[in-house]
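S.K.: Hey, dropping my_file.cif in here, mmCIF, C-alpha atoms:
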```
data_work
#
loop_
_atom_site.group_PDB
_atom_site.id
_atom_site.type_symbol
_atom_site.label_atom_id
_atom_site.label_comp_id
_atom_site.auth_asym_id
_atom_site.auth_seq_id
_atom_site.Cartn_x
_atom_site.Cartn_y
_atom_site.Cartn_z
ATOM 1 C CA MET A 10 26.996 136.221 90.103
ATOM 2 C CA THR A 11 28.565 138.754 87.766
ATOM 3 C CA PRO A 12 26.439 141.716 86.581
ATOM 4 C CA LEU A 13 24.208 140.306 83.880
ATOM 5 C CA SER A 14 21.968 140.693 83.417
ATOM 6 C CA SER A 15 1.932 148.428 80.903
ATOM 7 C CA TRP A 16 0.046 146.800 82.563
ATOM 8 C CA THR A 17 -1.827 146.977 79.264
ATOM 9 C CA LEU A 18 0.192 144.544 77.180
ATOM 10 C CA LEU A 19 -1.277 141.063 76.703
ATOM 11 C CA LEU A 20 0.408 138.690 74.278
ATOM 12 C CA ILE A 21 -0.686 135.185 73.320
ATOM 13 C CA SER A 22 2.171 132.771 73.581
ATOM 14 C CA SER A 23 3.376 129.294 74.440
ATOM 15 C CA VAL A 24 4.898 127.392 77.325
ATOM 16 C CA VAL A 25 6.815 124.219 78.019
ATOM 17 C CA SER A 26 6.954 122.169 81.133
ATOM 18 C CA ALA A 27 8.826 122.737 84.316
ATOM 19 C CA THR A 28 11.112 119.786 83.623
ATOM 20 C CA LEU A 29 13.210 120.143 80.514
ATOM 21 C CA GLY A 30 10.281 120.164 78.124
ATOM 22 C CA SER A 31 8.527 117.067 79.443
ATOM 23 C CA PRO A 32 4.736 117.309 79.714
ATOM 24 C CA ILE A 33 3.507 118.595 83.051
ATOM 25 C CA ALA A 34 1.388 116.129 84.950
ATOM 26 C CA GLY A 35 -2.236 117.159 84.744
ATOM 27 C CA ALA A 36 -1.696 119.659 81.927
ATOM 28 C CA ALA A 37 -4.681 120.177 79.676
ATOM 29 C CA SER A 38 -4.689 118.351 76.358
ATOM 30 C CA ASP A 39 -7.256 120.819 74.988
ATOM 31 C CA CYS A 40 -6.372 124.109 76.627
ATOM 32 C CA ASN A 41 -8.797 127.050 76.404
ATOM 33 C CA GLN A 42 -6.906 130.194 75.485
ATOM 34 C CA THR A 43 -9.741 132.447 76.601
ATOM 35 C CA VAL A 44 -9.711 130.958 80.089
ATOM 36 C CA LEU A 45 -5.934 131.373 80.275
ATOM 37 C CA ALA A 46 -6.341 135.061 79.481
ATOM 38 C CA GLN A 47 -9.172 135.494 81.971
ATOM 39 C CA ALA A 48 -7.196 133.770 84.715
ATOM 40 C CA ALA A 49 -4.105 135.891 84.038
ATOM 41 C CA ASP A 50 -6.230 139.035 84.194
ATOM 42 C CA ALA A 51 -7.849 137.810 87.418
ATOM 43 C CA TYR A 52 -4.383 137.312 88.888
ATOM 44 C CA ILE A 53 -3.522 140.940 88.045
ATOM 45 C CA VAL A 54 -6.757 142.167 89.670
ATOM 46 C CA ALA A 55 -6.078 140.029 92.738
ATOM 47 C CA GLN A 56 -2.504 141.241 93.028
ATOM 48 C CA THR A 57 -3.539 144.876 92.607
ATOM 49 C CA ALA A 58 -6.191 144.580 95.323
ATOM 50 C CA GLY A 59 -4.247 142.206 97.553
ATOM 51 C CA LYS A 60 -7.271 139.917 97.659
ATOM 52 C CA LEU A 61 -7.777 136.432 96.213
ATOM 53 C CA GLU A 62 -11.537 136.714 95.618
ATOM 54 C CA THR A 63 -11.269 137.415 91.886
ATOM 55 C CA LEU A 64 -9.126 134.312 91.469
ATOM 56 C CA GLN A 65 -11.322 131.879 93.382
ATOM 57 C CA LYS A 66 -13.325 130.531 90.443
ATOM 58 C CA TYR A 67 -10.109 129.715 88.570
ATOM 59 C CA LEU A 68 -8.353 127.905 91.431
ATOM 60 C CA ALA A 69 -8.239 124.138 91.813
ATOM 61 C CA GLY A 70 -9.259 122.833 95.217
ATOM 62 C CA ASP A 71 -5.684 121.735 95.951
ATOM 63 C CA TRP A 72 -3.844 124.599 94.227
ATOM 64 C CA LYS A 73 -0.420 125.549 95.522
ATOM 65 C CA TYR A 74 1.331 128.887 95.948
ATOM 66 C CA GLN A 75 5.089 129.168 95.759
ATOM 67 C CA GLU A 76 7.036 132.381 96.373
ATOM 68 C CA ASN A 77 10.782 132.713 95.908
ATOM 69 C CA ASN A 78 11.145 128.937 95.542
ATOM 70 C CA LYS A 79 9.279 128.127 98.771
ATOM 71 C CA GLU A 80 5.763 126.714 98.959
ATOM 72 C CA THR A 81 3.833 128.905 101.363
ATOM 73 C CA ASP A 82 0.346 129.900 102.469
ATOM 74 C CA PRO A 83 -0.808 132.564 100.005
ATOM 75 C CA LYS A 84 -2.197 134.516 102.968
ATOM 76 C CA ASN A 85 1.422 135.167 103.922
ATOM 77 C CA GLY A 86 2.606 136.047 100.420
ATOM 78 C CA VAL A 87 3.044 139.154 98.321
ATOM 79 C CA ILE A 88 -0.053 138.077 96.379
ATOM 80 C CA VAL A 89 -2.236 139.458 99.196
ATOM 81 C CA LYS A 90 -0.315 142.722 99.366
ATOM 82 C CA PRO A 91 -2.098 145.491 97.425
ATOM 83 C CA ILE A 92 0.247 147.086 94.887
ATOM 84 C CA LYS A 93 -0.044 149.546 92.005
ATOM 85 C CA ILE A 94 1.257 147.874 88.863
ATOM 86 C CA ASP A 95 3.093 150.117 86.397
ATOM 87 C CA HIS A 96 3.953 147.461 83.799
ATOM 88 C CA ARG A 97 2.565 144.061 82.912
ATOM 89 C CA ARG A 98 3.440 141.616 80.146
ATOM 90 C CA THR A 99 1.815 138.174 80.013
ATOM 91 C CA ASN A 100 2.615 135.219 77.735
ATOM 92 C CA PHE A 101 0.228 132.289 77.203
ATOM 93 C CA ASP A 102 0.600 128.723 75.990
ATOM 94 C CA THR A 103 -2.271 126.461 75.024
ATOM 95 C CA THR A 104 0.061 123.463 74.642
ATOM 96 C CA VAL A 105 0.555 122.828 78.354
ATOM 97 C CA CYS A 106 -1.752 125.520 79.773
ATOM 98 C CA ALA A 107 0.629 127.815 81.599
ATOM 99 C CA THR A 108 1.398 131.534 81.596
ATOM 100 C CA TYR A 109 4.291 133.794 82.518
ATOM 101 C CA THR A 110 3.713 137.370 83.709
ATOM 102 C CA GLU A 111 6.273 140.109 84.312
ATOM 103 C CA LEU A 112 5.187 142.891 86.707
ATOM 104 C CA ILE A 113 6.927 146.123 87.715
ATOM 105 C CA VAL A 114 5.821 148.257 90.679
ATOM 106 C CA THR A 115 7.656 151.565 91.215
ATOM 107 C CA ASP A 116 5.841 152.705 94.373
ATOM 108 C CA SER A 117 8.677 153.845 96.640
ATOM 109 C CA ALA A 118 6.895 152.407 99.691
ATOM 110 C CA ASN A 119 6.370 148.975 98.110
ATOM 111 C CA PRO A 120 8.631 148.532 95.054
ATOM 112 C CA TYR A 121 8.615 145.170 93.287
ATOM 113 C CA VAL A 122 9.671 143.442 90.108
ATOM 114 C CA ILE A 123 7.773 140.147 89.994
ATOM 115 C CA GLY A 124 7.806 137.194 87.634
ATOM 116 C CA THR A 125 4.914 134.722 87.935
ATOM 117 C CA GLN A 126 4.364 131.372 86.259
ATOM 118 C CA ILE A 127 0.764 130.102 86.508
ATOM 119 C CA ARG A 128 -0.002 126.480 85.599
ATOM 120 C CA HIS A 129 -3.416 124.976 84.816
ATOM 121 C CA GLY A 130 -4.716 121.437 85.028
ATOM 122 C CA SER A 131 -6.831 119.403 82.604
ATOM 123 C CA ASP A 132 -10.014 121.075 83.896
ATOM 124 C CA MET A 133 -8.492 124.534 83.252
ATOM 125 C CA LYS A 134 -8.237 125.228 86.981
ATOM 126 C CA ILE A 135 -5.054 126.802 88.334
ATOM 127 C CA THR A 136 -2.874 124.195 90.052
ATOM 128 C CA MET A 137 0.155 126.370 90.821
ATOM 129 C CA ILE A 138 1.014 130.061 91.142
ATOM 130 C CA ASP A 139 4.802 130.327 91.261
ATOM 131 C CA SER A 140 6.311 133.800 91.796
ATOM 132 C CA ILE A 141 9.789 135.277 92.037
ATOM 133 C CA ALA A 142 9.142 138.547 93.887
ATOM 134 C CA SER A 143 12.170 140.830 93.911
ATOM 135 C CA THR A 144 12.262 143.960 96.042
ATOM 136 C CA THR A 145 14.655 145.970 98.218
ATOM 137 C CA ASN A 146 17.857 143.950 98.906
ATOM 138 C CA SER A 147 17.364 141.829 95.786
ATOM 139 C CA TRP A 148 20.271 141.714 93.330
ATOM 140 C CA LEU A 149 20.826 145.136 91.657
ATOM 141 C CA PHE A 150 17.250 146.127 92.508
ATOM 142 C CA ASP A 151 15.792 149.466 91.419
ATOM 143 C CA ALA A 152 12.240 149.157 90.082
ATOM 144 C CA LYS A 153 12.191 152.645 88.561
ATOM 145 C CA LYS A 154 15.317 151.984 86.505
ATOM 146 C CA THR A 155 14.017 148.564 85.508
ATOM 147 C CA LEU A 156 10.779 150.097 84.239
ATOM 148 C CA GLN A 157 12.704 152.758 82.315
ATOM 149 C CA TYR A 158 14.738 150.149 80.464
ATOM 150 C CA VAL A 159 11.839 147.734 79.869
ATOM 151 C CA LEU A 160 9.812 150.462 78.201
ATOM 152 C CA GLN A 161 12.665 151.057 75.748
ATOM 153 C CA GLU A 162 12.467 147.498 74.468
ATOM 154 C CA LYS A 163 10.312 146.053 71.707
ATOM 155 C CA TRP A 164 8.631 142.773 72.616
ATOM 156 C CA ASP A 165 6.250 142.387 69.690
ATOM 157 C CA PRO A 166 4.986 138.963 68.598
ATOM 158 C CA ILE A 167 7.188 137.361 65.946
ATOM 159 C CA SER A 168 5.501 136.596 62.639
ATOM 160 C CA GLU A 169 4.652 132.919 62.320
ATOM 161 C CA GLY A 170 7.059 132.157 59.499
ATOM 162 C CA LYS A 171 10.007 133.620 61.430
ATOM 163 C CA ARG A 172 9.500 131.939 64.799
ATOM 164 C CA ASP A 173 12.164 129.724 66.297
ATOM 165 C CA SER A 174 11.238 126.285 67.576
ATOM 166 C CA ARG A 175 10.406 125.621 71.201
ATOM 167 C CA ALA A 176 13.409 123.308 71.473
ATOM 168 C CA LEU A 177 15.837 125.908 70.118
ATOM 169 C CA ILE A 178 14.522 128.649 72.406
ATOM 170 C CA GLN A 179 14.767 126.498 75.525
ATOM 171 C CA ALA A 180 18.197 125.200 74.547
ATOM 172 C CA ALA A 181 19.458 128.778 74.230
ATOM 173 C CA GLY A 182 18.211 129.600 77.728
ATOM 174 C CA ASP A 183 19.690 126.428 79.179
ATOM 175 C CA ALA A 184 23.075 127.066 77.563
ATOM 176 C CA TYR A 185 23.150 130.528 79.124
ATOM 177 C CA MET A 186 22.158 129.190 82.539
ATOM 178 C CA ASP A 187 24.839 126.496 82.292
ATOM 179 C CA MET A 188 27.723 128.975 81.877
ATOM 180 C CA TRP A 189 28.452 129.048 85.629
ATOM 181 C CA SER A 190 29.071 125.306 85.802
ATOM 182 C CA ASN A 191 30.110 124.318 82.261
ATOM 183 C CA ASP A 192 33.153 125.759 80.524
ATOM 184 C CA THR A 193 31.787 125.108 77.026
ATOM 185 C CA ALA A 194 28.233 126.366 77.566
ATOM 186 C CA ALA A 195 28.974 129.900 76.346
ATOM 187 C CA ASN A 196 29.821 128.469 72.932
ATOM 188 C CA ALA A 197 26.284 127.080 72.673
ATOM 189 C CA VAL A 198 24.581 130.404 73.440
ATOM 190 C CA PRO A 199 23.304 131.959 70.181
ATOM 191 C CA TRP A 200 24.677 135.428 70.957
ATOM 192 C CA GLY A 201 22.977 138.188 68.974
ATOM 193 C CA THR A 202 23.948 141.746 68.075
ATOM 194 C CA PRO A 203 22.386 143.940 69.227
ATOM 195 C CA CYS A 204 21.525 142.282 72.537
ATOM 196 C CA ALA A 205 20.576 143.976 75.823
ATOM 197 C CA ARG A 206 20.677 142.361 79.256
ATOM 198 C CA LEU A 207 18.610 143.778 82.139
ATOM 199 C CA GLU A 208 19.996 142.215 85.321
ATOM 200 C CA GLY A 209 17.934 143.643 88.126
ATOM 201 C CA SER A 210 18.287 147.310 87.140
ATOM 202 C CA ALA A 211 21.729 147.079 85.484
ATOM 203 C CA TYR A 212 21.411 147.403 81.702
ATOM 204 C CA THR A 213 23.956 146.642 79.011
ATOM 205 C CA GLY A 214 21.920 148.282 76.236
ATOM 206 C CA LYS A 215 22.895 151.734 75.007
ATOM 207 C CA GLY A 216 20.651 151.842 71.967
ATOM 208 C CA ARG A 217 23.568 151.040 69.685
ATOM 209 C CA PRO A 218 23.711 148.413 66.912
ATOM 210 C CA ASP A 219 26.673 146.759 68.627
ATOM 211 C CA ASP A 220 24.990 146.344 72.039
ATOM 212 C CA SER A 221 26.018 143.030 73.575
ATOM 213 C CA CYS A 222 24.884 140.647 76.317
ATOM 214 C CA LYS A 223 28.387 139.218 76.688
ATOM 215 C CA PRO A 224 29.981 141.744 79.087
ATOM 216 C CA GLY A 225 30.062 140.312 82.597
ATOM 217 C CA ILE A 226 29.367 136.685 81.678
ATOM 218 C CA PRO A 227 31.145 134.298 84.061
ATOM 219 C CA SER A 228 34.792 133.447 83.554
ATOM 220 C CA ASN A 229 34.687 130.937 86.408
ATOM 221 C CA HIS A 230 32.843 127.882 85.125
ATOM 222 C CA SER A 231 33.355 125.730 88.210
ATOM 223 C CA GLN A 232 30.614 127.313 90.294
ATOM 224 C CA ALA A 233 27.501 125.630 91.657
ATOM 225 C CA PRO A 234 24.863 125.007 88.970
ATOM 226 C CA ASN A 235 21.508 126.700 88.536
ATOM 227 C CA THR A 236 19.061 123.968 89.529
ATOM 228 C CA HIS A 237 15.366 123.138 89.934
ATOM 229 C CA ARG A 238 14.532 124.889 86.670
ATOM 230 C CA ARG A 239 10.923 125.567 85.686
ATOM 231 C CA TYR A 240 10.226 126.641 82.111
ATOM 232 C CA VAL A 241 7.737 128.712 80.169
ATOM 233 C CA VAL A 242 8.599 128.807 76.469
ATOM 234 C CA ASP A 243 6.798 131.203 74.169
ATOM 235 C CA GLU A 244 7.413 130.645 70.479
ATOM 236 C CA ALA A 245 5.314 133.623 69.408
ATOM 237 C CA MET A 246 7.460 135.900 71.575
ATOM 238 C CA GLY A 247 10.687 133.960 70.982
ATOM 239 C CA SER A 248 11.082 133.754 74.750
ATOM 240 C CA VAL A 249 11.731 131.338 77.563
ATOM 241 C CA SER A 250 11.138 132.090 81.244
ATOM 242 C CA ILE A 251 13.342 129.999 83.537
ATOM 243 C CA PHE A 252 12.884 129.944 87.318
ATOM 244 C CA CYS A 253 15.628 128.227 89.306
ATOM 245 C CA VAL A 254 17.768 128.010 92.422
ATOM 246 C CA TRP A 255 20.811 130.259 91.882
ATOM 247 C CA GLU A 256 23.053 128.096 94.013
ATOM 248 C CA HIS A 257 26.294 130.079 93.795
ATOM 249 C CA MET A 258 24.624 133.194 95.239
ATOM 250 C CA MET A 259 23.161 132.281 98.616
ATOM 251 C CA MET A 260 20.856 129.628 97.082
ATOM 252 C CA ALA A 261 18.842 132.533 95.688
ATOM 253 C CA ALA A 262 15.458 132.343 93.993
ATOM 254 C CA ASP A 263 16.066 133.421 90.415
ATOM 255 C CA SER A 264 14.157 134.292 87.249
ATOM 256 C CA HIS A 265 15.829 134.607 83.867
ATOM 257 C CA GLU A 266 13.827 135.388 80.743
ATOM 258 C CA PHE A 267 15.384 135.285 77.291
ATOM 259 C CA ARG A 268 14.077 136.524 73.946
ATOM 260 C CA LEU A 269 15.437 135.240 70.644
ATOM 261 C CA GLU A 270 14.909 136.889 67.278
ATOM 262 C CA GLY A 271 15.958 135.012 64.154
ATOM 263 C CA GLY A 272 17.641 132.365 66.264
ATOM 264 C CA LYS A 273 19.825 134.919 68.086
ATOM 265 C CA LEU A 274 19.665 136.244 71.634
ATOM 266 C CA ARG A 275 18.090 139.728 71.750
ATOM 267 C CA TYR A 276 17.027 140.412 75.353
ATOM 268 C CA VAL A 277 17.728 138.992 78.819
ATOM 269 C CA HIS A 278 15.727 139.947 81.947
ATOM 270 C CA THR A 279 16.688 138.735 85.430
ATOM 271 C CA MET A 280 15.364 138.874 89.013
ATOM 272 C CA THR A 281 17.314 137.387 91.915
ATOM 273 C CA VAL A 282 16.058 137.189 95.528
ATOM 274 C CA CYS A 283 18.307 136.136 98.405
ATOM 275 C CA GLY A 284 15.829 135.167 101.098
ATOM 276 C CA GLY A 285 15.152 138.728 102.195
ATOM 277 C CA GLN A 286 18.851 139.389 102.800
ATOM 278 C CA PRO A 287 21.081 141.655 100.681
ATOM 279 C CA CYS A 288 22.363 139.549 97.810
ATOM 280 C CA ARG A 289 26.107 138.976 97.775
ATOM 281 C CA LEU A 290 28.482 136.731 95.933
#
```
Translate the structure of the given file into structure tokens.

M.R.:
Amino acid sequence: MTPLSSWTLLLISSVVSATLGSPIAGAASDCNQTVLAQAADAYIVAQTAGKLETLQKYLAGDWKYQENNKETDPKNGVIVKPIKIDHRRTNFDTTVCATYTELIVTDSANPYVIGTQIRHGSDMKITMIDSIASTTNSWLFDAKKTLQYVLQEKWDPISEGKRDSRALIQAAGDAYMDMWSNDTAANAVPWGTPCARLEGSAYTGKGRPDDSCKPGIPSNHSQAPNTHRRYVVDEAMGSVSIFCVWEHMMMAADSHEFRLEGGKLRYVHTMTVCGGQPCRL
């Protein structure tokens, strides 16, 4: 992988399914936005305390917890590790009842940058909490630098008349993710200027009008693909969260989030976790 790429911000948004935009089985046809917000807040409280009690009333009886692409007992996960959250951004979707949350923890003893997709069923209960939890040894990891750069960015909701379609947003993210295994994919990425990519803690933005996300994109297009993609598309934010298996780097657990403005790529955020080992190409 070439270098690519507060806890008070709550934004109402939208999500697509985990399989190329197809409806998620069990997704609510009449999703309650208030419950989505309450559940996302309960997740933050639970993660801060390292206790699941605040989440219990939102959880389905057969809910599943997945961390770094592996289904696991939540009692063994980072979700039960108390952490002090320095930054939080959450996106919501009432179309398929799912949320995406970005968390940054700069505590030197327990630093994390976490992306979490939460999916709800037709009864509004949580069916899946799916987290990519990057920390020491993750690709280009430095939570303090990541927080510094994130706070420089502007992730305001896009006015309704200027929003891109769900299909366009997801297609842009997919084209970017395909660049490692498809030699024409880069031509389908709607590159914007300025554009800033935050890959772990490496940042291409310099605050200039000609900032670009192109430096460091792959020149070798015959690498293993990025597979098992799960999507959260947010039209109000112009963003798509994509979780996947980053096959060409140690089968890593990976999160890429993209923001489009006016149909053009504006921001890219990434987290890549290599099974607790130092990430290497």

S.K.: Identify which of the residues A:Ala261, A:Ala49, A:Ala181, A:Ala205 lies closest to Val277 (chain A), counting only C-alpha atoms when measuring atom-to-atom distances.

M.R.: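 Closest to Val277 (chain A) of all the choices is A:Ala205.
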
S.K.: Hey, what comes out of the PyMOL selection byres ((chain A and resi 73) around 7) on this file? Could you write it as a PyMOL selection string?

M.R.: chain A and resi 71-72+74-75+136-138

S.K.: From the options A:Trp189, A:Tyr52, A:Tyr276, A:Trp164, which residue's atoms come nearest to Thr202 (chain A), counting all atoms listed in the file?

M.R.: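 With all atoms listed in the file as the atom set, the closest residue is A:Tyr276.
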
S.K.: Edge lengths and centre in Å to one decimal, as lines of an AutoDock Vina configuration file, is what I'm after for the box along x, y and z that holds all listed atoms of region 167-181 of chain A once 5 Å is added on each side.

M.R.:
```
center_x = 12.1
center_y = 130.3
center_z = 67.5
size_x = 24.8
size_y = 24.1
size_z = 26.0
```

S.K.: Any chance you could resolve the PyMOL selection byres ((chain A and resi 280) around 8) against this file and give the residues as a PyMOL selection string?

M.R.: chain A and resi 122-124+141-143+147-148+208-209+263-265+278-279+281-282

S.K.: Mind telling me what the PyMOL selection byres ((chain A and resi 287) around 9) catches here, as a list in words?

M.R.: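 This file gives the following for the PyMOL selection byres ((chain A and resi 287) around 9): Thr145, Asn146, Ser147, Trp148, Val282, Cys283, Gly284, Gly285, Gln286, Cys288 and Arg289 of chain A.
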
S.K.: Can you tell me, as a list in words, what residues are no more than 6 Å from Thr125 (chain A) when counting only C-alpha atoms, ignoring any on the same chain fewer than 2 positions away?

M.R.: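 Counting only C-alpha atoms, the residues come to Tyr109, Thr110, Asp139 and Ser140 of chain A.
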
S.K.: Write the residues you've just listed into a file as an mmCIF file, in the frame of the given file, and include C-alpha atoms for each of them.

M.R.:
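The result, written out as selection_10.cif:
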```cif
data_model
loop_
_atom_site.group_PDB
_atom_site.id
_atom_site.type_symbol
_atom_site.label_atom_id
_atom_site.label_comp_id
_atom_site.auth_asym_id
_atom_site.auth_seq_id
_atom_site.Cartn_x
_atom_site.Cartn_y
_atom_site.Cartn_z
ATOM 1 C CA TYR A 109 4.291 133.794 82.518
ATOM 2 C CA THR A 110 3.713 137.370 83.709
ATOM 3 C CA ASP A 139 4.802 130.327 91.261
ATOM 4 C CA SER A 140 6.311 133.800 91.796
#
```

S.K.: Between A:Arg172, A:Lys79, A:Arg128, A:Lys90, which residue has the minimum interatomic distance to Thr108 (chain A), considering all atoms listed in the file?

M.R.: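 Smallest separation from Thr108 (chain A) among the options: A:Arg128.
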
S.K.: Which polymer residues have any atom within 9 Å of an atom of Met133 (chain A), counting all atoms listed in the file, with same-chain residues fewer than 6 positions away left out, as an mmCIF file with C-alpha atoms, in the coordinates of the input?

M.R.:
```
data_model
loop_
_atom_site.group_PDB
_atom_site.id
_atom_site.type_symbol
_atom_site.label_atom_id
_atom_site.label_comp_id
_atom_site.auth_asym_id
_atom_site.auth_seq_id
_atom_site.Cartn_x
_atom_site.Cartn_y
_atom_site.Cartn_z
ATOM 1 C CA ALA A 36 -1.696 119.659 81.927
ATOM 2 C CA ALA A 37 -4.681 120.177 79.676
ATOM 3 C CA CYS A 40 -6.372 124.109 76.627
ATOM 4 C CA ASN A 41 -8.797 127.050 76.404
ATOM 5 C CA VAL A 44 -9.711 130.958 80.089
ATOM 6 C CA LEU A 45 -5.934 131.373 80.275
ATOM 7 C CA TYR A 67 -10.109 129.715 88.570
ATOM 8 C CA LEU A 68 -8.353 127.905 91.431
ATOM 9 C CA ALA A 69 -8.239 124.138 91.813
ATOM 10 C CA CYS A 106 -1.752 125.520 79.773
#
```

S.K.: Which residue, A:His96, A:Lys273, A:Lys215, A:His230, has the smallest gap to Lys153 (chain A) when you use all atoms listed in the file?

M.R.: A:His96

S.K.: Please tabulate, as CSV, the residues of region 170-227 of chain A that come within 7 Å of region 246-255 of chain A, each with its closest pair of atoms and the distance in Å to one decimal, counting only C-alpha atoms and ordering rows by chain, then residue number upward.

M.R.:
```
residue,atom,partner,partner_atom,distance
A:Arg172,CA,A:Gly247,CA,6.6
A:Asp173,CA,A:Gly247,CA,6.5
A:Ile178,CA,A:Val249,CA,6.5
A:Gln179,CA,A:Val249,CA,6.1
A:Gly182,CA,A:Val249,CA,6.7
```

S.K.: Please provide as a VMD selection string all residues within 12 Å of Gly170 (chain A), with the sequence filter that same-chain residues fewer than 6 positions apart are discarded (counting all atoms listed in the file).

M.R.: chain A and resid 244 to 245 271
